[in-house]
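Peer 1: Pasting a structure below so you can have a look.
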Amino acid sequence: MLLGSTCAFAESEGGNVTANASENNNYQSLAERIGGLEKKTDAFNVYFNYAAAFRAEKGGNCFDGNEGSEFGTGFYNKQLRLEIKGNLTDKFYYRLRHRMNKANDAKNDNFAKATDIMMVGYRPSDKFALQVGKMCQIWGGFEFDENPMSIYQYSDMVENMDNFQAGAVASWTPVPEQEIAVEVSNANNFSFEGQYSWAAADQTIERTKHPLTYILNWNGNFFNGLLSTRWAVGYQTQAKSNKSVMVTLGQKLTLKNFDWYVDYMGSFDDIDRLGIVAGEAGIYNNVKYNSFISKAQYRFSPKWNVFVKGMYETASAPDAKALKNYRTSLGYFAGLEFYPDKSQDLRFSLTYQGRHFSYKDEAKAEYGFKDYDNTRIELGFMYRIKCF
């Protein structure tokens, strides 16, 4: 991702939470490069988003069946997404993004999980916009908003969230550098039994007739882009008399060749929405998660970028004494990226990714948990191929 602000109204190309389709399309397309076709409209832009890598990794835990202290190696296709978007008029725009390496069976909203985004937007003025369809929920945080192509390893929080939902978003930009948006969307892609399989057999829990998510989002830009914010708070209906509340706060400093963001994400669930605690301990009531994520990167030459990223995350089920703040996850990453051609959204990368998961002694004694580490070294590339 090129350095710069990622506010919803002026974000990096290909991000998740896009308020409109008026993005930078200056990369040369295959149609222009090979066929010499001159593009005269912004109504139809086609991309293939592809990322792959050669990996050497070791580690695991008793839950994923991949324990081991020896490195294993192999080639891995990380991302393959088709994206089509454009401005049909100066007021109407659209966007489709579909994952080519995910199942295509229809879910509750009659779309496949493979379909990230299929939305239509209406922008009556520079101050107002309305979007309807399936899209990424408008949570805050800069890790959350990055193009999945640019993520080498998500935090536990974002990795386990189910963010692409059918709904509607209304945004208001009272001044060019401040945006407020509200969203109402489905809370789940699956049925209640599919979303909360561990809780479905509990006769004390009744499904709700209105499984919806409500999000209030604020995106700010200060001091000519020096400081940016992506903040959001949301309420999700899980079941009758059961809810989830999320707070997501992202802050970013952007200098000429350097940027640094710090995110906080907190999830407070009556029923375990992320599924980490339920999957590990079989406890699903009153679950809390906290994540602190930070990433800094320095573009030390036009073709080279170096970054470091760290994560500190906790999981807790305070109703069970042994599970109160029982799990801590540390992530530490570093990488070097090479951009060979400024006319193409292409990069090669060499990254180190480390994770350490630790459990408190009471949880180890009662549930049999043990600390473990994951380590990955990856040589890969990402290519956002602009076809037309």
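For the structure tokens, the naming scheme is as follows: chains receive sequential letters (A, B, ...) according to their order of presentation, residues are indexed from 1 within each chain, and ligands are indexed from 1 in presentation order.
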Step one, run DSSP on the backbone; step two, keep only residues of stretch 26-273 of chain A assigned to strand (DSSP E or B); then write them as a ChimeraX atom specification.
Peer 2: /A:45-59,72-87,92-99,106,112,115-122,128-136,164-175,178-186,212-222,227-239,242-254,258-271
Peer 1: When you look at A:Asp116 with a cut-off of 7 Å (counting only C-alpha atoms), what residues show up, excluding the ones that are within fewer than 5 positions of it in the same chain? I need them as a PDB file with N, CA, C and O atoms, in the first residue's frame.
Peer 2:
ATOM      1  N   ARG A  97     -16.698  -6.952  -5.732  1.00  0.00           N
ATOM      2  CA  ARG A  97     -15.453  -7.662  -5.447  1.00  0.00           C
ATOM      3  C   ARG A  97     -15.793  -9.085  -5.025  1.00  0.00           C
ATOM      4  O   ARG A  97     -16.553  -9.297  -4.086  1.00  0.00           O
ATOM      5  N   HIS A  98     -15.215 -10.044  -5.743  1.00  0.00           N
ATOM      6  CA  HIS A  98     -15.573 -11.453  -5.544  1.00  0.00           C
ATOM      7  C   HIS A  98     -14.313 -12.282  -5.408  1.00  0.00           C
ATOM      8  O   HIS A  98     -13.389 -12.175  -6.216  1.00  0.00           O
ATOM      9  N   MET A 135     -21.526  -5.104   1.449  1.00  0.00           N
ATOM     10  CA  MET A 135     -20.292  -4.325   1.534  1.00  0.00           C
ATOM     11  C   MET A 135     -19.602  -4.627   2.851  1.00  0.00           C
ATOM     12  O   MET A 135     -20.134  -5.322   3.719  1.00  0.00           O
ATOM     13  N   PHE A 164     -18.324  -8.735   5.909  1.00  0.00           N
ATOM     14  CA  PHE A 164     -19.004  -8.397   4.661  1.00  0.00           C
ATOM     15  C   PHE A 164     -20.470  -8.797   4.760  1.00  0.00           C
ATOM     16  O   PHE A 164     -20.812  -9.978   4.737  1.00  0.00           O
TER      17      PHE A 164
END
Peer 1: Check the smallest atom-to-atom distance from each of A:Ser69, A:Gln137, A:Tyr261, A:Leu274 to A:Leu216 using only C-alpha atoms, then report the winner.
Peer 2: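 Selected residue with least distance to A:Leu216: A:Gln137.
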Peer 1: Rank nothing, just name the residue among A:Asn305, A:Asn221, A:Ser171, A:Ser267 nearest to A:Val287, using only C-alpha atoms.
Peer 2: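 Smallest distance to A:Val287 is found for A:Ser267.
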Peer 1: Counting only C-alpha atoms, figure out which residue out of A:Leu212, A:Ala199, A:Ala187, A:Ala363 gets nearest to A:Ala278.
Peer 2: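 Looking at the shortest contact to A:Ala278, the residue is A:Ala199.
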Peer 1: Considering only C-alpha atoms, return as a VMD selection string whatever protein or nucleic-acid residues lie within 8 Å of A:Tyr359, sequence-local ones (same chain, fewer than 5 positions apart) excluded.
Peer 2: chain A and resid 326 to 328 364 369 to 371
Peer 1: Restricting the output to N, CA, C and O atoms, write the selected residues as a compact mmCIF listing (two decimals), in the first residue's frame.
Peer 2:
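Listed below is the output, out_27.txt:
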# COMPACT_ATOMS: atom_id res chain seq x y z
N TYR A 326 -7.51 -15.05 30.43
CA TYR A 326 -6.73 -16.29 30.43
C TYR A 326 -5.77 -16.41 29.26
O TYR A 326 -4.82 -17.19 29.30
N ARG A 327 -5.96 -15.64 28.18
CA ARG A 327 -5.19 -15.84 26.95
C ARG A 327 -4.58 -14.52 26.48
O ARG A 327 -5.26 -13.50 26.40
N THR A 328 -3.30 -14.55 26.16
CA THR A 328 -2.61 -13.39 25.62
C THR A 328 -1.90 -13.79 24.33
O THR A 328 -1.25 -14.84 24.28
N LYS A 364 -4.37 -23.32 32.31
CA LYS A 364 -3.58 -24.49 31.91
C LYS A 364 -3.96 -25.70 32.76
O LYS A 364 -4.12 -26.81 32.24
N PHE A 369 -4.55 -26.17 28.59
CA PHE A 369 -3.89 -25.31 27.60
C PHE A 369 -2.38 -25.36 27.76
O PHE A 369 -1.85 -25.64 28.85
N LYS A 370 -1.68 -25.05 26.70
CA LYS A 370 -0.23 -24.89 26.78
C LYS A 370 0.18 -23.76 25.85
O LYS A 370 -0.43 -23.51 24.80
N ASP A 371 1.22 -23.06 26.23
CA ASP A 371 1.74 -21.97 25.41
C ASP A 371 2.30 -22.53 24.11
O ASP A 371 2.78 -23.66 24.05
Peer 1: Rounded to one decimal, what separation in Å do you get between atom CA of A:Glu57 and atom CA of A:Asp373?
Peer 2: 10.7 Å
